[in-house]
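The file target_4.pdb contains PDB, C-alpha atoms:
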ATOM      1  CA  MET R   4     220.172 127.569  98.242
ATOM      2  CA  THR R   5     219.406 131.220  97.482
ATOM      3  CA  PRO R   6     219.628 133.197 100.757
ATOM      4  CA  GLY R   7     216.581 134.886 102.274
ATOM      5  CA  PRO R   8     216.100 138.301 103.896
ATOM      6  CA  ALA R   9     218.166 139.287 106.906
ATOM      7  CA  ARG R  10     215.130 140.336 108.962
ATOM      8  CA  PRO R  11     212.523 137.845 110.165
ATOM      9  CA  LEU R  12     209.069 138.314 108.694
ATOM     10  CA  ALA R  13     207.561 138.982 112.125
ATOM     11  CA  ALA R  14     210.009 141.841 112.710
ATOM     12  CA  ALA R  15     209.135 143.427 109.377
ATOM     13  CA  LEU R  16     205.443 142.987 110.081
ATOM     14  CA  ALA R  17     205.819 144.844 113.373
ATOM     15  CA  GLU R  18     207.117 147.853 111.446
ATOM     16  CA  GLY R  19     204.180 148.196 109.046
ATOM     17  CA  THR R  20     202.051 146.694 106.303
ATOM     18  CA  LEU R  21     203.586 144.227 103.856
ATOM     19  CA  VAL R  22     202.278 143.525 100.363
ATOM     20  CA  LEU R  23     201.517 139.937  99.408
ATOM     21  CA  ASP R  24     201.449 138.657  95.853
ATOM     22  CA  GLY R  25     198.307 137.783  93.889
ATOM     23  CA  GLY R  26     196.913 134.629  92.347
ATOM     24  CA  LEU R  27     199.595 132.301  91.040
ATOM     25  CA  SER R  28     197.265 130.276  88.837
ATOM     26  CA  ASN R  29     195.925 133.237  86.872
ATOM     27  CA  GLN R  30     199.443 134.505  86.216
ATOM     28  CA  LEU R  31     200.527 131.057  85.036
ATOM     29  CA  GLU R  32     197.518 130.929  82.719
ATOM     30  CA  ALA R  33     198.418 134.399  81.420
ATOM     31  CA  GLN R  34     201.832 132.936  80.591
ATOM     32  CA  GLY R  35     200.113 130.237  78.525
ATOM     33  CA  CYS R  36     200.211 127.336  81.009
ATOM     34  CA  ASP R  37     197.557 124.615  81.023
ATOM     35  CA  LEU R  38     196.381 124.011  84.608
ATOM     36  CA  SER R  39     193.636 121.498  83.871
ATOM     37  CA  ASP R  40     195.540 118.705  85.641
ATOM     38  CA  ALA R  41     194.352 117.621  89.115
ATOM     39  CA  LEU R  42     197.663 118.881  90.543
ATOM     40  CA  TRP R  43     196.853 122.354  89.183
ATOM     41  CA  SER R  44     199.841 124.695  89.497
ATOM     42  CA  ALA R  45     201.794 122.087  91.507
ATOM     43  CA  ARG R  46     202.224 120.033  88.309
ATOM     44  CA  LEU R  47     204.568 122.700  87.005
ATOM     45  CA  LEU R  48     206.970 122.066  89.882
ATOM     46  CA  ALA R  49     207.911 118.972  87.877
ATOM     47  CA  ASP R  50     206.981 119.922  84.311
ATOM     48  CA  GLY R  51     207.596 123.666  84.102
ATOM     49  CA  PRO R  52     209.489 125.173  87.042
ATOM     50  CA  GLY R  53     210.664 128.059  84.905
ATOM     51  CA  GLN R  54     207.049 129.138  84.462
ATOM     52  CA  ILE R  55     206.538 129.227  88.230
ATOM     53  CA  GLU R  56     209.686 131.279  88.732
ATOM     54  CA  ALA R  57     208.538 133.687  86.003
ATOM     55  CA  ALA R  58     205.136 134.097  87.688
ATOM     56  CA  HIS R  59     206.765 134.840  91.037
ATOM     57  CA  THR R  60     209.080 137.298  89.331
ATOM     58  CA  ALA R  61     206.128 139.142  87.800
ATOM     59  CA  TYR R  62     204.748 139.738  91.275
ATOM     60  CA  VAL R  63     208.097 140.788  92.711
ATOM     61  CA  ARG R  64     208.534 143.288  89.896
ATOM     62  CA  ALA R  65     205.017 144.588  90.602
ATOM     63  CA  GLY R  66     206.026 145.299  94.215
ATOM     64  CA  ALA R  67     205.101 142.202  96.217
ATOM     65  CA  GLN R  68     207.097 141.858  99.436
ATOM     66  CA  VAL R  69     205.904 138.357 100.325
ATOM     67  CA  LEU R  70     205.680 135.503  97.809
ATOM     68  CA  ILE R  71     203.465 132.463  98.408
ATOM     69  CA  THR R  72     204.866 129.270  96.911
ATOM     70  CA  ALA R  73     203.296 126.895  94.393
ATOM     71  CA  GLY R  74     202.646 124.162  96.961
ATOM     72  CA  TYR R  75     198.939 124.834  97.509
ATOM     73  CA  GLN R  76     197.727 121.681  95.786
ATOM     74  CA  ALA R  77     200.885 119.641  96.331
ATOM     75  CA  SER R  78     200.740 116.443  98.368
ATOM     76  CA  TYR R  79     202.530 113.115  98.517
ATOM     77  CA  GLU R  80     199.266 111.421  97.585
ATOM     78  CA  GLY R  81     198.718 113.639  94.567
ATOM     79  CA  PHE R  82     202.287 113.269  93.374
ATOM     80  CA  ALA R  83     202.059 109.479  93.808
ATOM     81  CA  ARG R  84     199.074 109.388  91.446
ATOM     82  CA  ARG R  85     201.411 110.914  88.849
ATOM     83  CA  GLY R  86     204.048 108.253  89.493
ATOM     84  CA  ILE R  87     206.225 110.563  91.569
ATOM     85  CA  GLY R  88     207.832 108.754  94.512
ATOM     86  CA  ARG R  89     208.525 110.060  97.982
ATOM     87  CA  ASP R  90     212.106 111.202  97.413
ATOM     88  CA  GLU R  91     211.225 113.051  94.226
ATOM     89  CA  ALA R  92     208.224 114.623  95.945
ATOM     90  CA  ASP R  93     210.503 115.870  98.728
ATOM     91  CA  GLY R  94     212.551 117.549  96.036
ATOM     92  CA  LEU R  95     209.470 119.193  94.518
ATOM     93  CA  PHE R  96     208.393 120.628  97.868
ATOM     94  CA  ALA R  97     211.885 122.047  98.285
ATOM     95  CA  ARG R  98     211.834 123.347  94.709
ATOM     96  CA  SER R  99     208.646 125.317  95.415
ATOM     97  CA  VAL R 100     210.538 127.350  98.025
ATOM     98  CA  GLU R 101     213.700 127.729  95.959
ATOM     99  CA  LEU R 102     211.799 129.026  92.893
ATOM    100  CA  ALA R 103     210.264 131.784  94.999
ATOM    101  CA  ARG R 104     213.666 132.572  96.527
ATOM    102  CA  ARG R 105     215.195 132.954  93.091
ATOM    103  CA  ALA R 106     212.436 135.304  92.009
ATOM    104  CA  ALA R 107     212.885 137.308  95.206
ATOM    105  CA  ALA R 108     216.571 137.725  94.403
ATOM    106  CA  THR R 109     215.760 139.652  91.216
ATOM    107  CA  VAL R 110     215.130 142.842  93.212
ATOM    108  CA  ASP R 111     217.380 144.750  95.567
ATOM    109  CA  ARG R 112     215.103 144.710  98.635
ATOM    110  CA  ASP R 113     213.753 142.264 101.151
ATOM    111  CA  VAL R 114     211.230 139.760  99.821
ATOM    112  CA  TRP R 115     209.985 136.987 102.092
ATOM    113  CA  VAL R 116     208.845 133.514 101.018
ATOM    114  CA  ALA R 117     205.819 131.848 102.601
ATOM    115  CA  ALA R 118     205.379 128.158 101.822
ATOM    116  CA  SER R 119     201.772 127.468 100.902
ATOM    117  CA  VAL R 120     200.033 124.794 102.960
ATOM    118  CA  GLY R 121     196.706 124.351 101.213
ATOM    119  CA  PRO R 122     193.749 122.551 102.772
ATOM    120  CA  TYR R 123     192.930 118.872 102.367
ATOM    121  CA  GLY R 124     190.099 119.885 100.038
ATOM    122  CA  ALA R 125     192.537 121.408  97.554
ATOM    123  CA  VAL R 126     194.169 118.028  97.064
ATOM    124  CA  THR R 127     190.876 116.317  96.234
ATOM    125  CA  ALA R 128     190.539 118.806  93.342
ATOM    126  CA  ASP R 129     186.744 118.880  93.562
ATOM    127  CA  GLY R 130     186.103 122.214  95.273
ATOM    128  CA  ALA R 131     185.951 120.659  98.757
ATOM    129  CA  GLU R 132     188.028 123.520 100.164
ATOM    130  CA  TYR R 133     184.949 125.703  99.678
ATOM    131  CA  ARG R 134     182.815 123.342 101.763
ATOM    132  CA  GLY R 135     184.997 121.777 104.459
ATOM    133  CA  ARG R 136     183.469 119.032 106.600
ATOM    134  CA  TYR R 137     185.435 116.342 104.800
ATOM    135  CA  GLY R 138     184.282 113.517 107.052
ATOM    136  CA  LEU R 139     187.789 113.207 108.528
ATOM    137  CA  THR R 140     188.729 113.558 112.177
ATOM    138  CA  VAL R 141     191.157 116.182 113.432
ATOM    139  CA  GLY R 142     193.685 113.395 113.951
ATOM    140  CA  GLU R 143     193.309 112.170 110.385
ATOM    141  CA  LEU R 144     193.773 115.695 109.057
ATOM    142  CA  GLU R 145     196.834 116.108 111.264
ATOM    143  CA  ARG R 146     198.363 112.921 109.828
ATOM    144  CA  PHE R 147     197.688 114.174 106.297
ATOM    145  CA  HIS R 148     199.275 117.582 106.824
ATOM    146  CA  ARG R 149     202.306 116.683 108.948
ATOM    147  CA  PRO R 150     204.520 115.112 106.232
ATOM    148  CA  ARG R 151     204.031 117.963 103.771
ATOM    149  CA  ILE R 152     204.599 120.613 106.455
ATOM    150  CA  GLU R 153     207.756 118.774 107.515
ATOM    151  CA  ALA R 154     209.020 118.753 103.914
ATOM    152  CA  LEU R 155     208.247 122.438 103.434
ATOM    153  CA  ALA R 156     209.820 123.432 106.752
ATOM    154  CA  ALA R 157     212.995 121.564 105.771
ATOM    155  CA  ALA R 158     213.212 123.724 102.640
ATOM    156  CA  GLY R 159     213.741 126.845 104.777
ATOM    157  CA  PRO R 160     210.888 129.251 103.957
ATOM    158  CA  ASP R 161     210.465 132.416 106.004
ATOM    159  CA  ALA R 162     206.948 131.390 107.027
ATOM    160  CA  LEU R 163     204.178 128.887 106.397
ATOM    161  CA  ALA R 164     200.900 130.101 104.885
ATOM    162  CA  LEU R 165     198.087 127.939 106.281
ATOM    163  CA  GLU R 166     195.648 129.179 103.692
ATOM    164  CA  THR R 167     192.136 128.694 102.336
ATOM    165  CA  VAL R 168     191.148 126.752 105.464
ATOM    166  CA  PRO R 169     187.394 126.070 105.311
ATOM    167  CA  ASP R 170     186.637 124.910 108.831
ATOM    168  CA  MET R 171     187.779 124.809 112.428
ATOM    169  CA  ASP R 172     188.627 121.094 112.471
ATOM    170  CA  GLU R 173     191.266 121.599 109.804
ATOM    171  CA  ALA R 174     192.590 124.686 111.595
ATOM    172  CA  ARG R 175     192.944 122.658 114.791
ATOM    173  CA  ALA R 176     194.862 119.970 112.920
ATOM    174  CA  LEU R 177     197.203 122.462 111.281
ATOM    175  CA  LEU R 178     197.884 124.301 114.531
ATOM    176  CA  ARG R 179     198.746 121.005 116.228
ATOM    177  CA  VAL R 180     201.427 120.392 113.607
ATOM    178  CA  VAL R 181     203.101 123.738 112.969
ATOM    179  CA  GLY R 182     204.292 124.361 116.494
ATOM    180  CA  ASP R 183     206.858 121.585 116.085
ATOM    181  CA  TYR R 184     208.849 123.282 113.316
ATOM    182  CA  GLY R 185     209.905 126.667 114.672
ATOM    183  CA  LEU R 186     208.553 128.735 111.792
ATOM    184  CA  PRO R 187     206.192 131.709 111.895
ATOM    185  CA  VAL R 188     202.833 130.988 110.274
ATOM    186  CA  TRP R 189     199.690 132.753 109.297
ATOM    187  CA  LEU R 190     196.262 131.145 109.474
ATOM    188  CA  SER R 191     193.835 132.202 106.775
ATOM    189  CA  TYR R 192     190.276 130.957 106.375
ATOM    190  CA  THR R 193     188.102 131.052 103.304
ATOM    191  CA  VAL R 194     184.771 132.497 104.389
ATOM    192  CA  ALA R 195     181.255 133.403 103.351
ATOM    193  CA  GLY R 196     180.036 136.482 105.180
ATOM    194  CA  ASP R 197     180.771 136.169 108.889
ATOM    195  CA  ARG R 198     181.269 132.396 108.873
ATOM    196  CA  THR R 199     183.764 129.845 107.652
ATOM    197  CA  ARG R 200     182.789 127.941 104.527
ATOM    198  CA  ALA R 201     181.740 125.120 106.855
ATOM    199  CA  GLY R 202     179.361 127.520 108.620
ATOM    200  CA  GLN R 203     181.194 128.188 111.897
ATOM    201  CA  PRO R 204     181.232 131.700 113.439
ATOM    202  CA  LEU R 205     184.417 133.533 112.513
ATOM    203  CA  ASP R 206     185.134 134.816 115.998
ATOM    204  CA  GLU R 207     185.311 131.219 117.244
ATOM    205  CA  ALA R 208     187.382 130.114 114.263
ATOM    206  CA  PHE R 209     189.933 132.909 114.653
ATOM    207  CA  ALA R 210     190.131 132.413 118.412
ATOM    208  CA  LEU R 211     191.794 129.023 117.869
ATOM    209  CA  ALA R 212     195.018 130.931 117.140
ATOM    210  CA  ARG R 213     195.137 132.546 120.580
ATOM    211  CA  GLY R 214     198.035 131.225 122.605
ATOM    212  CA  HIS R 215     199.963 130.062 119.543
ATOM    213  CA  ASP R 216     203.029 132.294 119.502
ATOM    214  CA  GLU R 217     204.129 130.962 116.110
ATOM    215  CA  VAL R 218     200.996 132.492 114.519
ATOM    216  CA  ILE R 219     201.943 136.007 113.419
ATOM    217  CA  ALA R 220     198.704 136.878 111.593
ATOM    218  CA  VAL R 221     195.169 135.555 111.220
ATOM    219  CA  GLY R 222     192.608 136.380 108.581
ATOM    220  CA  VAL R 223     191.014 135.464 105.276
ATOM    221  CA  ASN R 224     191.846 134.630 101.689
ATOM    222  CA  CYS R 225     190.099 133.194  98.641
ATOM    223  CA  CYS R 226     186.874 134.993  99.582
ATOM    224  CA  ASP R 227     184.734 137.815  98.254
ATOM    225  CA  PRO R 228     186.426 141.215  98.716
ATOM    226  CA  ALA R 229     183.208 142.473 100.332
ATOM    227  CA  ASP R 230     183.782 140.100 103.264
ATOM    228  CA  ALA R 231     187.381 141.128 103.935
ATOM    229  CA  GLU R 232     187.130 144.247 106.091
ATOM    230  CA  ALA R 233     184.699 142.860 108.638
ATOM    231  CA  ALA R 234     186.633 139.603 108.812
ATOM    232  CA  ALA R 235     189.863 141.486 109.510
ATOM    233  CA  ARG R 236     188.237 143.354 112.394
ATOM    234  CA  THR R 237     186.921 140.092 113.813
ATOM    235  CA  ALA R 238     190.325 138.425 113.501
ATOM    236  CA  VAL R 239     192.121 141.206 115.355
ATOM    237  CA  ARG R 240     189.463 141.351 118.067
ATOM    238  CA  ALA R 241     189.463 137.575 118.563
ATOM    239  CA  THR R 242     193.236 137.077 118.660
ATOM    240  CA  GLY R 243     195.043 140.351 119.357
ATOM    241  CA  LYS R 244     197.201 139.551 116.328
ATOM    242  CA  PRO R 245     197.538 141.439 113.016
ATOM    243  CA  ALA R 246     195.195 140.405 110.228
ATOM    244  CA  VAL R 247     196.098 138.927 106.859
ATOM    245  CA  VAL R 248     193.743 139.687 103.960
ATOM    246  CA  TYR R 249     193.980 138.482 100.365
ATOM    247  CA  PRO R 250     190.596 137.917  98.723
ATOM    248  CA  ASN R 251     189.721 136.771  95.234
ATOM    249  CA  SER R 252     188.754 139.071  92.401
ATOM    250  CA  GLY R 253     185.083 138.836  93.403
ATOM    251  CA  GLU R 254     184.289 136.298  90.714
ATOM    252  CA  HIS R 255     183.011 132.919  91.897
ATOM    253  CA  TRP R 256     184.410 129.475  91.158
ATOM    254  CA  ASP R 257     181.934 126.949  89.778
ATOM    255  CA  ALA R 258     183.572 123.627  90.671
ATOM    256  CA  ALA R 259     181.128 121.598  88.565
ATOM    257  CA  ALA R 260     181.744 123.681  85.453
ATOM    258  CA  GLY R 261     185.415 124.269  86.216
ATOM    259  CA  ALA R 262     185.049 127.970  85.473
ATOM    260  CA  TRP R 263     184.853 131.403  87.082
ATOM    261  CA  THR R 264     181.536 133.238  86.915
ATOM    262  CA  GLY R 265     180.347 136.777  87.669
ATOM    263  CA  GLY R 266     182.224 140.056  87.568
ATOM    264  CA  ALA R 267     185.367 141.265  89.300
ATOM    265  CA  THR R 268     184.906 143.567  92.306
ATOM    266  CA  PHE R 269     188.458 143.607  93.716
ATOM    267  CA  ASP R 270     189.550 147.224  94.195
ATOM    268  CA  PRO R 271     193.107 148.018  95.367
ATOM    269  CA  GLY R 272     191.612 151.094  97.005
ATOM    270  CA  GLN R 273     189.949 148.804  99.567
ATOM    271  CA  VAL R 274     193.318 148.070 101.123
ATOM    272  CA  GLU R 275     193.217 151.272 103.173
ATOM    273  CA  ALA R 276     190.025 150.058 104.877
ATOM    274  CA  TRP R 277     191.627 146.659 105.498
ATOM    275  CA  GLN R 278     194.571 148.387 107.141
ATOM    276  CA  ARG R 279     192.289 150.441 109.365
ATOM    277  CA  ALA R 280     190.679 147.153 110.382
ATOM    278  CA  GLY R 281     194.079 145.838 111.472
ATOM    279  CA  ALA R 282     195.417 144.079 108.354
ATOM    280  CA  ARG R 283     199.212 144.054 108.060
ATOM    281  CA  LEU R 284     199.576 141.470 105.279
ATOM    282  CA  VAL R 285     197.522 142.500 102.239
ATOM    283  CA  GLY R 286     197.272 141.234  98.687
ATOM    284  CA  GLY R 287     195.088 139.167  96.399
ATOM    285  CA  CYS R 288     194.212 135.571  95.662
ATOM    286  CA  CYS R 289     192.585 133.984  92.602
ATOM    287  CA  ARG R 290     192.209 136.222  89.545
ATOM    288  CA  VAL R 291     194.083 139.120  91.157
ATOM    289  CA  GLY R 292     197.176 139.763  89.062
ATOM    290  CA  PRO R 293     200.397 141.786  89.031
ATOM    291  CA  ALA R 294     198.599 144.944  87.880
ATOM    292  CA  GLU R 295     196.426 145.019  91.003
ATOM    293  CA  ILE R 296     199.337 144.120  93.274
ATOM    294  CA  GLY R 297     201.305 146.922  91.661
ATOM    295  CA  GLU R 298     198.542 149.378  92.540
ATOM    296  CA  ILE R 299     198.556 148.206  96.154
ATOM    297  CA  ALA R 300     202.342 148.467  96.333
ATOM    298  CA  ALA R 301     202.398 151.918  94.792
ATOM    299  CA  ALA R 302     199.867 153.220  97.323
ATOM    300  CA  ARG R 303     201.456 151.663 100.408
ATOM    301  CA  CYS R 304     204.134 153.693 102.131
ATOM    302  CA  ASP R 305     206.531 152.419 104.731
ATOM    303  CA  ALA R 306     207.508 154.247 107.895
ATOM    304  CA  ALA R 307     210.196 156.208 106.015
ATOM    305  CA  GLY R 308     207.660 157.475 103.517
ATOM    306  CA  GLU R 309     209.050 155.466 100.612
ATOM    307  CA  THR R 310     206.824 153.384  98.392
ATOM    308  CA  ALA R 311     206.716 149.648  98.882
ATOM    309  CA  ARG R 312     208.035 149.201  95.380
ATOM    310  CA  GLY R 313     211.322 149.941  97.077
ATOM    311  CA  SER R 314     214.640 149.939  95.311
ATOM    312  CA  ARG R 315     215.471 149.387  91.703
ATOM    313  CA  PRO R 316     215.280 145.878  90.251
ATOM    314  CA  GLY R 317     218.549 143.993  90.559
TER     315      GLY R 317
END
Here is the file; what I need is its structure written in the form of structure tokens.
Amino acid sequence: MTPGPARPLAAALAEGTLVLDGGLSNQLEAQGCDLSDALWSARLLADGPGQIEAAHTAYVRAGAQVLITAGYQASYEGFARRGIGRDEADGLFARSVELARRAAATVDRDVWVAASVGPYGAVTADGAEYRGRYGLTVGELERFHRPRIEALAAAGPDALALETVPDMDEARALLRVVGDYGLPVWLSYTVAGDRTRAGQPLDEAFALARGHDEVIAVGVNCCDPADAEAAARTAVRATGKPAVVYPNSGEHWDAAAGAWTGGATFDPGQVEAWQRAGARLVGGCCRVGPAEIGEIAAARCDAAGETARGSRPG
């Protein structure tokens, strides 16, 4: 297995802001990949791993310091529908981490790998992650997430990204599971204004992370950029932890049409405001590409006054 950074992610985070990558799916599409399958980008773990590694590499070369793996829509249930058995699925979860590690190794600086743990709604492939309230109990959600988290933890990522969480029930389930695996995690909701997508107040949703020492950051992703700054302030106030912020481009996903609508409003210049609000992990989600991540990286300076783009490519 390709080795990871010498420093833990939490230690690096304590020293200053780290730059996340952008949307994996849009970069894969830019590379010519067809993501119309229900497994979305996770299909390429089996059918086109080189494309995933190339997408990660594009973000590393742009200046990303933390890569999020291609496991967002991966599940044993989804793989089984494609005829992929349990053992092979275990290998695909592990491959998602290794592909990011290999991309990270193309530069001569620390790059951390966060294994994506997408919500239950991502696996249904019908936009349910933007609604939440699946009709499942916390216990049922816990039983769904535990096997995939166990497989990802076994692959040795630097952290788990509990991302695009639409409601508090799913957050409770995820937090019940992750404490058993000894990895740092961040918890990131998808939101609309000052509420989760399921309509719960954000201060209550973020507060669930209090008392969980494994949670190193709390915040938002896959949301409108206009909602990010206020959400970051709320997250820090509710938890005392750093915020994580990586919104979409500002376009909106129409699940029925299977298309993005509206115009892009993501502005790398907003990152300074996110940092003032307490964000220490910053980047982009859907439709935010290497160019925007490069702008964020170029503007961010570490404690030594050097740009986050860091050393020369290896």
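Pairwise distance (CA of Leu42 in chain R, CA of Ser28 in chain R) equals 11.5 Å.
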statement: Of R:Thr5, R:Thr193, R:Gln30, R:Thr127, the one nearest to Thr109 in chain R when counting only C-alpha atoms is R:Thr5
Distance cut-off 10 Å, centre (191.2, 148.2, 92.6) in file coordinates, counting only C-alpha atoms: which residues qualify? Return them as a short mmCIF file (atom, residue, chain, number, x, y, z; two decimals) with C-alpha atoms, in the frame of the given file.
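Result written to part.cif:
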data_model
loop_
_atom_site.label_atom_id
_atom_site.label_comp_id
_atom_site.auth_asym_id
_atom_site.auth_seq_id
_atom_site.Cartn_x
_atom_site.Cartn_y
_atom_site.Cartn_z
CA SER R 252 188.75 139.07 92.40
CA ALA R 267 185.37 141.26 89.30
CA THR R 268 184.91 143.57 92.31
CA PHE R 269 188.46 143.61 93.72
CA ASP R 270 189.55 147.22 94.20
CA PRO R 271 193.11 148.02 95.37
CA GLY R 272 191.61 151.09 97.00
CA GLN R 273 189.95 148.80 99.57
CA VAL R 274 193.32 148.07 101.12
CA VAL R 291 194.08 139.12 91.16
CA ALA R 294 198.60 144.94 87.88
CA GLU R 295 196.43 145.02 91.00
CA ILE R 296 199.34 144.12 93.27
CA GLU R 298 198.54 149.38 92.54
CA ILE R 299 198.56 148.21 96.15
#
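Of note, CA of Gln34 in chain R and CA of Cys225 in chain R are spaced 21.5 Å apart.
Summary of the local environment: counting all atoms listed in the file, residues at most 8 Å from Trp277 in chain R, other than itself and those fewer than 3 positions away along its chain, are Ala231, Glu232, Ala235, Val248, Gln273, Val274, Ala280, Gly281, Ala282 and Val285 of chain R.
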field: Spatial neighbours of Ala154 in chain R, 10 Å, only C-alpha atoms, chain gap at least 4 places, as a ChimeraX atom specification
entry: /R:92-97,149-150,158-159
Pick from R:Arg303, R:Arg84, R:Arg64, R:Arg290 nearest to Asn29 in chain R, counting all atoms listed in the file: R:Arg290
- request: May I have the protein, DNA and RNA residues with an atom at most 6 Å from (205.4, 131.8, 93.6), counting all atoms listed in the file in the file's coordinates, returned as a PyMOL selection string?
  value: chain R and resi 59+70-73+103
task: For the structure provided, state which residues fall under the PyMOL selection byres ((chain R and resi 56) around 12), and present them as a PyMOL selection string.
output: chain R and resi 27+30-31+34+44+47-48+51-55+57-63+70-73+98-109
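Atom to atom, CA of Asp197 in chain R and CA of Tyr123 in chain R stand 22.1 Å apart.
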query: Restricting the calculation to all atoms listed in the file, which member of R:Leu211, R:Val223, R:Ile152, R:Ala259 is positioned closest to Cys288 in chain R?
result: R:Val223
Given all atoms listed in the file, how would the per-residue table for range 174-214 of chain R near range 10-14 of chain R read, listing every residue at most 12 Å away with its closest atom pair and distance in Å to one decimal, sorted by chain and number, as a tab-separated table?
residue	atom	partner	partner_atom	distance
R:Leu186	CA	R:Pro11	CA	10.1
R:Pro187	CA	R:Ala13	CA	7.4
R:Val188	CA	R:Ala13	CA	9.5
R:Trp189	CA	R:Ala13	CA	10.4
For the selection you just gave me, I'd like the residues written to a file as a PDB file, keeping the file's coordinate frame, keeping C-alpha atoms.
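Listed below is the output, selection37.pdb:
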ATOM      1  CA  LEU R 186     208.553 128.735 111.792  1.00  0.00           C
ATOM      2  CA  PRO R 187     206.192 131.709 111.895  1.00  0.00           C
ATOM      3  CA  VAL R 188     202.833 130.988 110.274  1.00  0.00           C
ATOM      4  CA  TRP R 189     199.690 132.753 109.297  1.00  0.00           C
TER       5      TRP R 189
END
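Considering only C-alpha atoms, the residue among R:Leu38, R:Ala234, R:Ala65, R:Leu144 positioned nearest to Pro293 in chain R is R:Ala65.
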task: Could you check which of R:Ala49, R:Ala17, R:Leu23, R:Ala201 is closest to Glu173 in chain R, using all atoms listed in the file?
output: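 Looking only at the distances to Glu173 in chain R, the closest residue turns out to be R:Ala201.
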query: Taking into account all atoms listed in the file, which residue in the set R:Glu80, R:Glu166, R:Asp206, R:Glu32 is nearest to Tyr133 in chain R?
result: R:Glu166
How big is the axis-aligned box around all listed atoms of range 246-263 of chain R once 8 Å goes on each side, and where's its centre, in Å to one decimal, as JSON?
{"center_x": 188.6, "center_y": 131.0, "center_z": 97.8, "size_x": 31.0, "size_y": 34.8, "size_z": 40.8}
task: Any chance you could resolve the PyMOL selection byres ((chain R and resi 287) around 7) against this file and give the residues as number ranges by chain?
output: R: 24-26, 249-251, 286, 288-289, 291
message: To test your reading of the syntax: which residues would the PyMOL selection byres ((chain R and resi 205) around 12) return for the file shown? Reply as a PyMOL selection string.
response: chain R and resi 168-171+191-204+206-212+221-223+230-231+233-242
